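Student: Structure file structure-v3.cif (mmCIF, C-alpha atoms) right here:
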```cif
data_query
#
loop_
_atom_site.label_atom_id
_atom_site.label_comp_id
_atom_site.auth_asym_id
_atom_site.auth_seq_id
_atom_site.Cartn_x
_atom_site.Cartn_y
_atom_site.Cartn_z
CA MET S 841 -18.52 -18.12 74.05
CA ASN S 842 -20.48 -17.75 70.86
CA GLU S 843 -20.72 -14.00 71.32
CA ILE S 844 -16.99 -13.68 71.77
CA LEU S 845 -16.39 -15.71 68.61
CA THR S 846 -18.70 -13.54 66.51
CA ALA S 847 -17.06 -10.43 67.98
CA ILE S 848 -13.65 -11.74 66.92
CA ILE S 849 -14.81 -12.76 63.44
CA ALA S 850 -16.48 -9.41 62.85
CA LYS S 851 -13.19 -7.63 63.45
CA TYR S 852 -10.57 -10.10 62.27
CA ASN S 853 -9.27 -7.62 59.68
CA TYR S 854 -8.07 -5.40 62.53
CA TRP S 855 -6.46 -8.39 64.22
CA SER S 856 -4.45 -9.32 61.16
CA PHE S 857 -3.23 -5.78 60.52
CA LEU S 858 -2.43 -5.45 64.21
CA ILE S 859 -0.18 -8.52 64.11
CA LEU S 860 1.63 -7.19 61.04
CA LEU S 861 2.03 -3.80 62.71
CA LEU S 862 3.57 -5.36 65.81
CA ILE S 863 5.96 -7.48 63.73
CA GLY S 864 7.10 -4.30 61.98
CA LEU S 865 7.46 -2.35 65.21
CA HIS S 866 9.37 -5.17 66.90
CA ALA S 867 11.73 -5.41 63.93
CA MET S 868 12.31 -1.67 63.94
CA ILE S 869 13.23 -1.61 67.64
CA SER S 870 15.04 -4.86 68.27
CA LYS S 871 16.95 -5.66 65.09
CA ASN S 872 20.58 -4.70 64.99
CA ASN S 873 20.95 -4.69 61.23
CA LEU S 874 19.86 -1.46 59.54
CA VAL S 875 18.45 -3.22 56.47
CA LYS S 876 16.28 -5.36 58.74
CA LYS S 877 15.07 -2.19 60.43
CA VAL S 878 14.13 -0.80 57.02
CA ILE S 879 12.26 -4.04 56.24
CA GLY S 880 10.44 -3.62 59.56
CA MET S 881 9.44 -0.10 58.55
CA SER S 882 8.10 -1.48 55.28
CA ILE S 883 6.04 -4.14 57.09
CA PHE S 884 4.68 -1.48 59.43
CA GLN S 885 3.68 0.59 56.42
CA SER S 886 1.93 -2.38 54.80
CA ALA S 887 -0.09 -2.89 57.98
CA ILE S 888 -1.32 0.71 57.83
CA ILE S 889 -2.17 0.33 54.14
CA LEU S 890 -4.14 -2.86 54.81
CA PHE S 891 -5.96 -1.11 57.63
CA TYR S 892 -7.09 1.71 55.35
CA VAL S 893 -8.10 -0.58 52.51
CA SER S 894 -10.15 -2.76 54.87
CA ILE S 895 -11.94 0.36 56.12
CA GLY S 896 -13.02 1.10 52.57
CA TYR S 897 -14.73 -2.26 52.11
CA LYS S 898 -18.52 -2.50 52.28
CA LYS S 899 -20.32 -5.82 52.41
CA GLY S 900 -21.88 -6.63 49.04
CA ALA S 901 -20.23 -3.67 47.30
CA THR S 902 -18.18 -3.83 44.11
CA ILE S 903 -15.09 -1.90 43.04
CA PRO S 904 -15.69 1.85 42.85
CA ILE S 905 -16.05 2.05 39.07
CA THR S 906 -19.43 2.64 37.49
CA GLU S 907 -20.58 2.14 33.91
CA HIS S 908 -20.09 4.98 31.52
CA GLY S 909 -20.18 5.07 27.73
CA HIS S 910 -17.97 7.29 25.64
CA GLY S 911 -19.34 10.74 24.95
CA HIS S 912 -22.30 10.46 27.31
CA ALA S 913 -21.15 12.97 29.85
CA ASN S 914 -24.63 14.06 30.89
CA GLU S 915 -26.36 10.72 30.60
CA VAL S 916 -28.76 10.13 33.46
CA VAL S 917 -27.51 7.50 35.88
CA HIS S 918 -30.11 4.79 36.25
CA GLN S 919 -29.37 4.05 39.88
CA THR S 920 -30.67 6.05 42.78
CA ALA S 921 -28.16 7.73 45.04
CA ALA S 922 -28.75 5.31 47.90
CA GLU S 923 -28.25 2.31 45.59
CA MET S 924 -24.98 3.73 44.33
CA VAL S 925 -23.70 4.42 47.83
CA ALA S 926 -24.51 0.87 48.90
CA GLY S 927 -23.19 -0.69 45.70
CA PHE S 928 -19.69 0.77 45.47
CA ALA S 929 -16.82 0.46 47.90
CA ASN S 930 -15.59 3.62 49.57
CA PRO S 931 -13.11 5.19 47.10
CA LEU S 932 -11.45 7.56 49.54
CA PRO S 933 -9.20 5.08 51.42
CA HIS S 934 -8.16 3.61 48.08
CA VAL S 935 -7.07 7.02 46.86
CA LEU S 936 -5.12 7.76 50.00
CA MET S 937 -3.37 4.39 49.94
CA LEU S 938 -2.68 4.56 46.21
CA THR S 939 -0.46 7.55 46.80
CA ALA S 940 0.84 6.15 50.10
CA ILE S 941 2.14 3.02 48.37
CA VAL S 942 4.14 5.00 45.84
CA VAL S 943 5.38 7.43 48.46
CA GLY S 944 6.29 4.35 50.52
CA VAL S 945 8.54 3.22 47.68
CA GLY S 946 10.13 6.68 47.73
CA THR S 947 10.81 6.58 51.47
CA LEU S 948 12.11 3.01 51.19
CA GLY S 949 14.50 4.19 48.47
CA VAL S 950 15.76 7.07 50.60
CA ALA S 951 16.18 4.74 53.61
CA LEU S 952 18.17 2.23 51.56
CA ALA S 953 20.31 5.04 50.15
CA LEU S 954 21.11 6.22 53.67
CA VAL S 955 22.02 2.66 54.68
CA GLN S 956 24.32 2.39 51.67
CA LYS S 957 25.96 5.69 52.57
CA ILE S 958 26.45 4.51 56.16
CA HIS S 959 28.01 1.32 54.87
CA ARG S 960 30.31 3.34 52.65
CA VAL S 961 31.49 5.53 55.55
CA TYR S 962 31.64 2.98 58.40
CA GLY S 963 32.05 -0.27 56.53
CA THR S 964 29.23 -1.96 58.39
CA ILE S 965 25.47 -1.75 58.82
CA GLU S 966 25.31 -3.37 62.26
CA GLU S 967 24.09 -0.75 64.68
CA ASP S 968 26.38 -1.60 67.64
CA GLU S 969 29.49 -1.68 65.44
CA ILE S 970 28.56 1.72 63.99
CA LEU S 971 28.12 3.15 67.52
CA GLU S 972 31.58 1.86 68.49
CA LYS S 973 33.13 3.43 65.41
CA ILE S 974 31.44 6.74 66.16
CA LYS S 975 32.88 6.72 69.69
CA GLU S 976 36.43 6.14 68.47
CA MET V 142 16.90 -4.74 73.78
CA LYS V 143 14.90 -7.66 72.45
CA LEU V 144 13.00 -8.02 75.72
CA LEU V 145 12.30 -4.31 75.96
CA SER V 146 11.05 -4.28 72.38
CA LEU V 147 8.80 -7.27 73.03
CA VAL V 148 7.32 -5.56 76.08
CA ILE V 149 6.71 -2.35 74.15
CA SER V 150 5.19 -4.18 71.18
CA LEU V 151 2.94 -6.39 73.26
CA THR V 152 1.74 -3.49 75.42
CA LEU V 153 0.92 -1.49 72.33
CA GLY V 154 -0.73 -4.52 70.80
CA PHE V 155 -2.88 -5.04 73.89
CA LEU V 156 -3.96 -1.40 73.93
CA LEU V 157 -4.78 -1.46 70.23
CA LEU V 158 -6.71 -4.71 70.67
CA LEU V 159 -8.86 -3.03 73.30
CA ALA V 160 -9.37 -0.16 70.88
CA THR V 161 -10.56 -2.44 68.06
CA ALA V 162 -13.71 -3.15 70.11
CA ASP V 163 -14.86 0.37 69.28
CA LEU V 164 -14.00 0.19 65.59
CA PRO V 165 -16.79 -0.64 63.11
CA ASP V 166 -17.25 -4.23 61.93
CA TRP V 167 -15.53 -5.34 58.76
CA GLY V 168 -17.62 -4.48 55.71
CA ASP V 169 -20.14 -2.44 57.68
CA PRO V 170 -21.79 -0.08 55.15
CA GLN V 171 -22.64 2.31 57.97
CA SER V 172 -19.07 2.68 59.22
CA PRO V 173 -18.13 6.32 59.88
CA ALA V 174 -15.62 6.34 57.01
CA SER V 175 -18.36 5.48 54.51
CA ILE V 176 -21.19 7.80 55.47
CA HIS V 177 -19.68 11.25 55.12
CA VAL V 178 -17.64 12.71 52.29
CA SER V 179 -17.12 9.52 50.27
CA ASN V 180 -20.85 9.30 49.45
CA TYR V 181 -20.62 12.70 47.79
CA TYR V 182 -17.87 11.39 45.51
CA ILE V 183 -19.84 8.26 44.62
CA GLU V 184 -23.05 10.15 43.88
CA ASN V 185 -21.64 13.11 41.98
CA SER V 186 -18.46 11.91 40.26
CA VAL V 187 -20.07 11.00 36.92
CA GLU V 188 -22.21 14.13 36.67
CA GLN V 189 -19.48 16.51 37.75
CA THR V 190 -16.40 15.03 36.12
CA SER V 191 -17.58 12.49 33.53
CA VAL V 192 -15.19 9.94 35.04
CA PRO V 193 -16.74 6.62 36.09
CA ASN V 194 -13.70 5.49 38.07
CA PHE V 195 -14.30 7.25 41.38
CA VAL V 196 -10.79 6.58 42.55
CA THR V 197 -9.34 8.51 39.62
CA SER V 198 -11.79 11.37 39.93
CA VAL V 199 -11.07 11.76 43.65
CA LEU V 200 -7.34 11.36 43.09
CA ALA V 201 -6.89 13.80 40.24
CA ASP V 202 -9.76 16.24 40.67
CA TYR V 203 -11.40 16.45 44.09
CA ARG V 204 -8.08 15.91 45.82
CA GLY V 205 -5.87 17.10 42.96
CA TYR V 206 -3.89 19.43 45.19
CA ASP V 207 -2.94 16.54 47.46
CA THR V 208 -1.85 14.37 44.52
CA MET V 209 0.26 17.20 43.13
CA PHE V 210 2.30 17.27 46.30
CA GLU V 211 2.49 13.48 46.39
CA THR V 212 4.11 13.70 42.98
CA ILE V 213 6.52 16.30 44.31
CA VAL V 214 7.32 13.97 47.23
CA ILE V 215 8.26 11.23 44.74
CA PHE V 216 10.39 13.70 42.83
CA CYS V 217 12.11 14.83 46.03
CA ALA V 218 12.76 11.20 47.04
CA GLY V 219 14.49 10.56 43.72
CA ILE V 220 16.58 13.72 44.01
CA THR V 221 17.48 12.86 47.63
CA VAL V 222 18.71 9.38 46.75
CA LEU V 223 20.74 10.89 43.94
CA THR V 224 22.29 13.48 46.25
CA ILE V 225 23.12 10.93 48.93
CA LEU V 226 24.66 8.28 46.72
CA ARG V 227 25.94 9.80 43.48
CA ARG V 228 29.70 10.13 43.22
CA SER V 229 31.75 12.06 40.71
CA HIS V 230 34.32 10.36 38.50
CA ARG V 231 37.20 11.65 40.60
CA GLN V 232 35.92 9.95 43.75
CA LYS V 233 35.17 6.78 41.86
CA LYS V 234 38.83 6.03 41.13
CA LYS V 235 39.81 5.84 44.80
CA GLU V 236 38.17 2.64 45.90
CA VAL V 237 37.34 -0.53 44.09
CA ARG V 238 34.32 -2.24 45.49
CA PRO V 239 34.67 -6.00 45.84
CA ARG V 240 31.99 -7.73 43.86
CA PRO V 241 31.54 -11.08 42.20
CA ALA V 242 32.49 -11.03 38.55
CA ARG V 243 29.64 -11.00 36.09
CA GLU V 244 29.58 -14.28 34.24
CA GLY V 245 28.69 -13.09 30.77
CA LYS V 246 25.17 -12.39 29.65
CA ASP V 247 22.35 -14.77 30.31
CA LEU V 248 20.75 -15.67 26.98
CA ILE V 249 17.47 -16.92 28.41
CA LEU V 250 17.03 -13.90 30.64
CA ILE V 251 17.78 -11.47 27.83
CA SER V 252 15.49 -13.22 25.36
CA ALA V 253 12.64 -13.26 27.86
CA ALA V 254 13.18 -9.63 28.84
CA ARG V 255 13.20 -8.53 25.21
CA ILE V 256 9.75 -10.06 24.73
CA ILE V 257 8.26 -9.01 28.05
CA ALA V 258 9.50 -5.40 28.22
CA PRO V 259 7.60 -3.99 25.20
CA MET V 260 4.42 -5.70 26.35
CA MET V 261 4.83 -4.18 29.78
CA GLN V 262 5.30 -0.76 28.24
CA ILE V 263 2.22 -1.03 26.02
CA PHE V 264 0.17 -2.32 28.94
CA ALA V 265 1.46 0.56 31.08
CA LEU V 266 0.42 3.10 28.44
CA TYR V 267 -3.02 1.47 28.39
CA VAL V 268 -3.20 1.66 32.19
CA VAL V 269 -2.33 5.36 32.11
CA ALA V 270 -4.64 6.28 29.24
CA HIS V 271 -7.57 4.15 30.38
CA GLY V 272 -7.30 4.99 34.05
CA HIS V 273 -10.61 6.85 33.97
CA HIS V 274 -12.73 3.94 32.86
CA SER V 275 -10.99 0.95 34.40
CA PRO V 276 -8.61 0.28 37.27
CA GLY V 277 -5.47 2.23 36.58
CA GLY V 278 -4.00 5.68 36.50
CA GLY V 279 -0.77 7.60 36.51
CA PHE V 280 0.89 6.03 39.53
CA GLN V 281 0.20 2.44 38.49
CA GLY V 282 1.12 2.96 34.85
CA GLY V 283 4.26 4.86 35.82
CA VAL V 284 5.40 2.05 38.09
CA ILE V 285 4.86 -0.54 35.34
CA LEU V 286 6.76 1.61 32.83
CA GLY V 287 9.61 2.10 35.28
CA SER V 288 9.81 -1.59 36.12
CA SER V 289 10.03 -2.49 32.43
CA PHE V 290 13.27 -0.50 32.27
CA ILE V 291 14.43 -2.06 35.54
CA LEU V 292 13.81 -5.48 34.00
CA LEU V 293 15.97 -4.55 31.02
CA ALA V 294 18.67 -3.22 33.34
CA LEU V 295 18.62 -6.51 35.24
CA ALA V 296 18.76 -8.64 32.10
CA TYR V 297 21.52 -6.64 30.41
CA ASP V 298 23.56 -4.45 32.72
CA LEU V 299 22.91 -0.96 33.92
CA GLU V 300 25.44 0.66 31.59
CA THR V 301 23.69 -0.66 28.48
CA ILE V 302 20.38 0.82 29.55
CA LEU V 303 21.96 4.09 30.64
CA LYS V 304 23.23 4.53 27.08
CA ARG V 305 19.61 4.59 25.90
CA LEU V 306 18.17 6.35 28.93
CA LYS V 307 20.74 8.98 29.88
CA GLU V 308 21.00 9.89 33.54
CA ARG V 309 20.68 13.57 32.76
CA SER V 310 17.51 13.05 30.75
CA VAL V 311 16.06 10.82 33.48
CA ILE V 312 16.32 13.64 36.02
CA ILE V 313 15.10 16.29 33.58
CA MET V 314 12.13 14.17 32.54
CA SER V 315 11.10 13.46 36.11
CA GLY V 316 11.05 17.22 36.67
CA ILE V 317 9.04 17.66 33.48
CA GLY V 318 6.40 15.28 34.85
CA VAL V 319 5.88 17.53 37.86
CA ALA V 320 5.91 20.53 35.53
CA ILE V 321 3.15 18.98 33.38
CA TYR V 322 0.99 18.57 36.45
CA MET V 323 1.60 22.06 37.78
CA GLY V 324 1.43 23.56 34.27
CA ILE V 325 -2.05 22.17 33.70
CA GLY V 326 -3.05 23.66 37.04
CA MET V 327 -1.47 27.03 36.24
CA ILE V 328 -3.11 27.25 32.82
CA CYS V 329 -6.45 26.85 34.59
CA LEU V 330 -5.58 30.06 36.44
CA PHE V 331 -4.81 31.90 33.19
CA LEU V 332 -8.06 30.65 31.65
CA GLY V 333 -10.03 32.23 34.47
CA GLY V 334 -10.61 29.26 36.78
CA ASN V 335 -9.12 28.23 40.07
CA PHE V 336 -5.83 26.39 40.37
CA LEU V 337 -6.36 22.78 39.16
CA ASP V 338 -9.99 23.51 38.23
CA TYR V 339 -9.87 21.73 34.87
CA SER V 340 -13.31 22.97 33.77
CA ALA V 341 -11.54 26.19 32.76
CA TRP V 342 -10.01 24.22 29.88
CA SER V 343 -13.40 23.82 28.17
CA SER V 344 -12.96 26.95 26.04
CA VAL V 345 -9.57 25.76 24.74
CA LEU V 346 -10.47 22.11 24.19
CA GLY V 347 -13.90 22.88 22.74
CA VAL V 348 -15.79 20.47 25.00
CA SER V 349 -18.24 20.96 27.84
CA ALA V 350 -16.94 21.92 31.28
CA VAL V 351 -17.66 18.43 32.61
CA GLU V 352 -15.72 16.70 29.86
CA ALA V 353 -12.90 19.21 30.22
CA ARG V 354 -12.43 17.89 33.75
CA SER V 355 -12.05 14.38 32.35
CA HIS V 356 -9.42 15.54 29.85
CA GLY V 357 -7.64 17.59 32.47
CA MET V 358 -7.36 14.51 34.64
CA LEU V 359 -5.83 12.56 31.76
CA GLY V 360 -3.18 15.25 31.35
CA VAL V 361 -2.43 15.26 35.05
CA GLU V 362 -2.17 11.46 35.12
CA ILE V 363 0.33 11.59 32.26
CA GLY V 364 2.43 14.02 34.28
CA VAL V 365 2.29 11.71 37.31
CA ALA V 366 3.19 8.69 35.16
CA VAL V 367 6.24 10.44 33.67
CA THR V 368 7.56 11.43 37.10
CA VAL V 369 6.93 8.04 38.70
CA MET V 370 8.47 6.13 35.80
CA TYR V 371 11.71 8.08 35.70
CA ILE V 372 12.06 8.27 39.48
CA MET V 373 11.54 4.51 39.81
CA PHE V 374 14.30 3.93 37.30
CA SER V 375 16.52 6.54 38.92
CA LEU V 376 16.04 4.92 42.36
CA TYR V 377 17.00 1.55 40.94
CA ALA V 378 20.00 2.91 39.05
CA ASP V 379 21.36 4.72 42.10
CA LEU V 380 20.71 1.98 44.64
CA SER V 381 21.88 -0.95 42.54
CA SER V 382 25.19 0.61 41.54
CA GLY V 383 25.87 2.47 44.78
CA GLY V 384 25.73 5.78 42.92
CA GLU V 385 28.48 4.91 40.48
CA MET V 386 26.24 4.17 37.50
CA ASP V 387 28.45 1.28 36.43
CA GLU V 388 27.22 -2.20 35.67
CA GLY V 389 24.71 -2.39 38.49
CA LEU V 390 23.48 -5.63 39.98
#
```
Can you turn what I pasted into structure tokens?
Tutor:
Amino acid sequence: MNEILTAIIAKYNYWSFLILLLIGLHAMISKNNLVKKVIGMSIFQSAIILFYVSIGYKKGATIPITEHGHGHANEVVHQTAAEMVAGFANPLPHVLMLTAIVVGVGTLGVALALVQKIHRVYGTIEEDEILEKIKE
Amino acid sequence: MKLLSLVISLTLGFLLLLATADLPDWGDPQSPASIHVSNYYIENSVEQTSVPNFVTSVLADYRGYDTMFETIVIFCAGITVLTILRRSHRQKKKEVRPRPAREGKDLILISAARIIAPMMQIFALYVVAHGHHSPGGGFQGGVILGSSFILLALAYDLETILKRLKERSVIIMSGIGVAIYMGIGMICLFLGGNFLDYSAWSSVLGVSAVEARSHGMLGVEIGVAVTVMYIMFSLYADLSSGGEMDEGL
């Protein structure tokens, strides 16, 4: 029992992102309202972003910014390479997600614009009503 | 449909749960993501680029090509929303959208927005300019700048802000942001370096090759910030008014 508990605690970040991901996926499939589908897509995206950011975390590490005075470009860093690697969080997932968040806003904007256009043409954003109007 | 979706979601969830057993523990310094290329960035960023914020140096220099296209994606998103929603004046006359009447201007909201907006803008400029040495950068600063204008558009109405920030200039400026980024990269080519290899700027700027990388990153971040700011505002203006650019929300 104790082993299972420690196994769960060691990986609870994955559990939480997994739950978010499933909420998003469920909303994208089952909801009838297009705006709710878009919200589901956004939740899905947040789950992926959380996943990446949690990968970048190292126990005992600080944010990936070191000390650096102005005009000391070639100043010798006082830490050894191994110390630096252990002391700073992994910057790469942060970089990827930094751009992904902003691109996510862009895709969200395009999705909302499409929903607005659909509403303008069909007068509704309920999926079944739109399908009926297309069949007519 | 609900049942089917539940079954799909739960099956996927179960499979992913089984897969998490093989993923590294949370905060494990020896996780595969942290032992390969990222160590190179942490060890060499300061010597190679004179930028202590590793996130900025990876974003704008090591992976500068990637970020350039991210900026173009933002630009394309703004243009797409504009193309989908924007309507000409002739089409506008045909239908009148039902909407609740605007009950005058809210004094408290306007007074607060007038105080907050300039502070947001100054803070955003700081975030852009100081992105090398502290958390920040072009994307973050651009979003704060854009949201300051969105705040003003919410407090007043969209038309008032569009008088100051013309729609035409918004689109042109967002293109100019991308052009700044690509222009800095192109000038590197003319100065004898590779595309986006900012060390080629050292002869023009009169600094060492390492510091030239730092300055090149600042220029690139400014380009990103300009694009993000204007596209954020353009997205809001289009979505809130349904492409009619009238009073907005």
Student: Any idea which chain S residues end up within 7 Å of chain V if we count only C-alpha atoms, as a PyMOL selection string please?
Tutor: chain S and resi 850-851+853-854+858+862+865-866+869-870+897-899+904-908+913-914+921+924-926+930-932+934-935+939+943+946-947+949-950+953-954+957
Student: What is the atom CA of V:Ile321 to atom CA of V:Val361 distance in Å?
Tutor: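 Computing the Euclidean distance for atom CA of V:Ile321 and atom CA of V:Val361 yields 6.9 Å.
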Student: Would you write out, as a VMD selection string, every residue that the PyMOL selection byres ((chain S and resi 970) around 12) captures in this file?
Tutor: chain S and resid 872 to 874 955 958 to 969 971 to 976
Student: Quick one: everything within 7 Å of S:Gly880, counting all atoms listed in the file, minus sequence neighbours fewer than 6 positions away in the same chain. Send it as a list in words.
Tutor: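 Residues near the query, excluding close chain neighbours: Gly864, Leu865, Ala867 and Met868 of chain S.
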Student: Between V:Gly272, V:Gly316, V:Pro259, V:Gly347, which is the closest to V:Ser288 once you count only C-alpha atoms?
Tutor: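 Of the candidates, the smallest distance to V:Ser288 is held by V:Pro259.
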Student: Contacts of V:Phe331 at 10 Å or less, counting only C-alpha atoms, minus same-chain residues fewer than 5 places along, as number ranges by chain?
Tutor: V: 326, 336, 341-342
Student: Selection from above, C-alpha atoms, as a CSV table (one decimal), in the frame of the given file, can you write it?
Tutor:
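Dumped everything to again.csv:
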```csv
chain,number,residue,atom,x,y,z
V,326,GLY,CA,-3.0,23.7,37.0
V,336,PHE,CA,-5.8,26.4,40.4
V,341,ALA,CA,-11.5,26.2,32.8
V,342,TRP,CA,-10.0,24.2,29.9
```
Student: For a quick check of understanding, using all atoms listed in the file, which of S:Phe928, S:Phe891, S:Phe857, S:Phe884 has the smallest distance to S:Gly944?
Tutor: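 Selected residue with least distance to S:Gly944: S:Phe884.
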Student: Show me as a ChimeraX atom specification the residues that reach within 12 Å of (17.8, -13.7, 29.9), counting only C-alpha atoms and using the file's own coordinates.
Tutor: /V:245-258,292-298
Student: For a test of reading the model, state the distance in Å between atom CA of V:Val319 and atom CA of V:Gly287, rounded to one decimal.
Tutor: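 Value for the atom CA of V:Val319-atom CA of V:Gly287 distance: 16.1 Å.
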Student: Do you have the atom CA of S:Val945-atom CA of S:Gln885 distance handy?
Tutor: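 Between these atoms lies a distance of 10.3 Å.
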Student: Hey, what comes out of the PyMOL selection byres ((chain V and resi 363) around 10) on this file? Could you write it as a list in words?
Tutor: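 So the PyMOL selection byres ((chain V and resi 363) around 10), applied here, picks out Leu266, Val269, Ala270, Gly278, Gly279, Phe280, Gly282, Gly283, Gly318, Val319, Ile321, Tyr322, Gly357, Met358, Leu359, Gly360, Val361, Glu362, Gly364, Val365, Ala366, Val367, Thr368 and Val369 of chain V.
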Student: Check the smallest atom-to-atom distance from each of S:Leu936, S:Gln956, S:Ser856, S:Met841 to S:Ile889 using only C-alpha atoms, then report the winner.
Tutor: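 Of S:Leu936, S:Gln956, S:Ser856, S:Met841, the one nearest S:Ile889, counting only C-alpha atoms, is S:Leu936.
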Student: N, CA and C atoms are needed for stretch 921-936 of chain S; please write them out as a PDB file, in the coordinates of the input.
Tutor:
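Final file, out_2.pdb:
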```
ATOM      1  N   ALA S 921     -29.368   7.401  44.285  1.00  0.00           N
ATOM      2  CA  ALA S 921     -28.160   7.730  45.040  1.00  0.00           C
ATOM      3  C   ALA S 921     -27.892   6.704  46.127  1.00  0.00           C
ATOM      4  N   ALA S 922     -28.944   6.259  46.796  1.00  0.00           N
ATOM      5  CA  ALA S 922     -28.750   5.310  47.900  1.00  0.00           C
ATOM      6  C   ALA S 922     -28.221   3.974  47.368  1.00  0.00           C
ATOM      7  N   GLU S 923     -28.733   3.555  46.192  1.00  0.00           N
ATOM      8  CA  GLU S 923     -28.250   2.310  45.590  1.00  0.00           C
ATOM      9  C   GLU S 923     -26.765   2.423  45.254  1.00  0.00           C
ATOM     10  N   MET S 924     -26.390   3.567  44.708  1.00  0.00           N
ATOM     11  CA  MET S 924     -24.980   3.730  44.330  1.00  0.00           C
ATOM     12  C   MET S 924     -24.091   3.695  45.551  1.00  0.00           C
ATOM     13  N   VAL S 925     -24.528   4.382  46.618  1.00  0.00           N
ATOM     14  CA  VAL S 925     -23.700   4.420  47.830  1.00  0.00           C
ATOM     15  C   VAL S 925     -23.520   3.019  48.390  1.00  0.00           C
ATOM     16  N   ALA S 926     -24.618   2.217  48.351  1.00  0.00           N
ATOM     17  CA  ALA S 926     -24.510   0.870  48.900  1.00  0.00           C
ATOM     18  C   ALA S 926     -23.742  -0.058  47.975  1.00  0.00           C
ATOM     19  N   GLY S 927     -23.737   0.248  46.660  1.00  0.00           N
ATOM     20  CA  GLY S 927     -23.190  -0.690  45.700  1.00  0.00           C
ATOM     21  C   GLY S 927     -21.710  -0.544  45.419  1.00  0.00           C
ATOM     22  N   PHE S 928     -21.109   0.579  45.789  1.00  0.00           N
ATOM     23  CA  PHE S 928     -19.690   0.770  45.470  1.00  0.00           C
ATOM     24  C   PHE S 928     -18.885   0.928  46.752  1.00  0.00           C
ATOM     25  N   ALA S 929     -17.708   0.338  46.746  1.00  0.00           N
ATOM     26  CA  ALA S 929     -16.820   0.460  47.900  1.00  0.00           C
ATOM     27  C   ALA S 929     -16.388   1.919  48.049  1.00  0.00           C
ATOM     28  N   ASN S 930     -15.989   2.250  49.263  1.00  0.00           N
ATOM     29  CA  ASN S 930     -15.590   3.620  49.570  1.00  0.00           C
ATOM     30  C   ASN S 930     -14.302   3.969  48.822  1.00  0.00           C
ATOM     31  N   PRO S 931     -14.319   4.932  47.895  1.00  0.00           N
ATOM     32  CA  PRO S 931     -13.110   5.190  47.100  1.00  0.00           C
ATOM     33  C   PRO S 931     -12.027   5.961  47.839  1.00  0.00           C
ATOM     34  N   LEU S 932     -12.408   6.648  48.908  1.00  0.00           N
ATOM     35  CA  LEU S 932     -11.450   7.560  49.540  1.00  0.00           C
ATOM     36  C   LEU S 932     -10.231   6.851  50.134  1.00  0.00           C
ATOM     37  N   PRO S 933     -10.394   5.767  50.915  1.00  0.00           N
ATOM     38  CA  PRO S 933      -9.200   5.080  51.420  1.00  0.00           C
ATOM     39  C   PRO S 933      -8.316   4.540  50.307  1.00  0.00           C
ATOM     40  N   HIS S 934      -8.954   4.105  49.201  1.00  0.00           N
ATOM     41  CA  HIS S 934      -8.160   3.610  48.080  1.00  0.00           C
ATOM     42  C   HIS S 934      -7.281   4.696  47.508  1.00  0.00           C
ATOM     43  N   VAL S 935      -7.847   5.901  47.386  1.00  0.00           N
ATOM     44  CA  VAL S 935      -7.070   7.020  46.860  1.00  0.00           C
ATOM     45  C   VAL S 935      -5.888   7.329  47.760  1.00  0.00           C
ATOM     46  N   LEU S 936      -6.190   7.394  49.066  1.00  0.00           N
ATOM     47  CA  LEU S 936      -5.120   7.760  50.000  1.00  0.00           C
ATOM     48  C   LEU S 936      -4.005   6.717  49.972  1.00  0.00           C
TER      49      LEU S 936
END
```
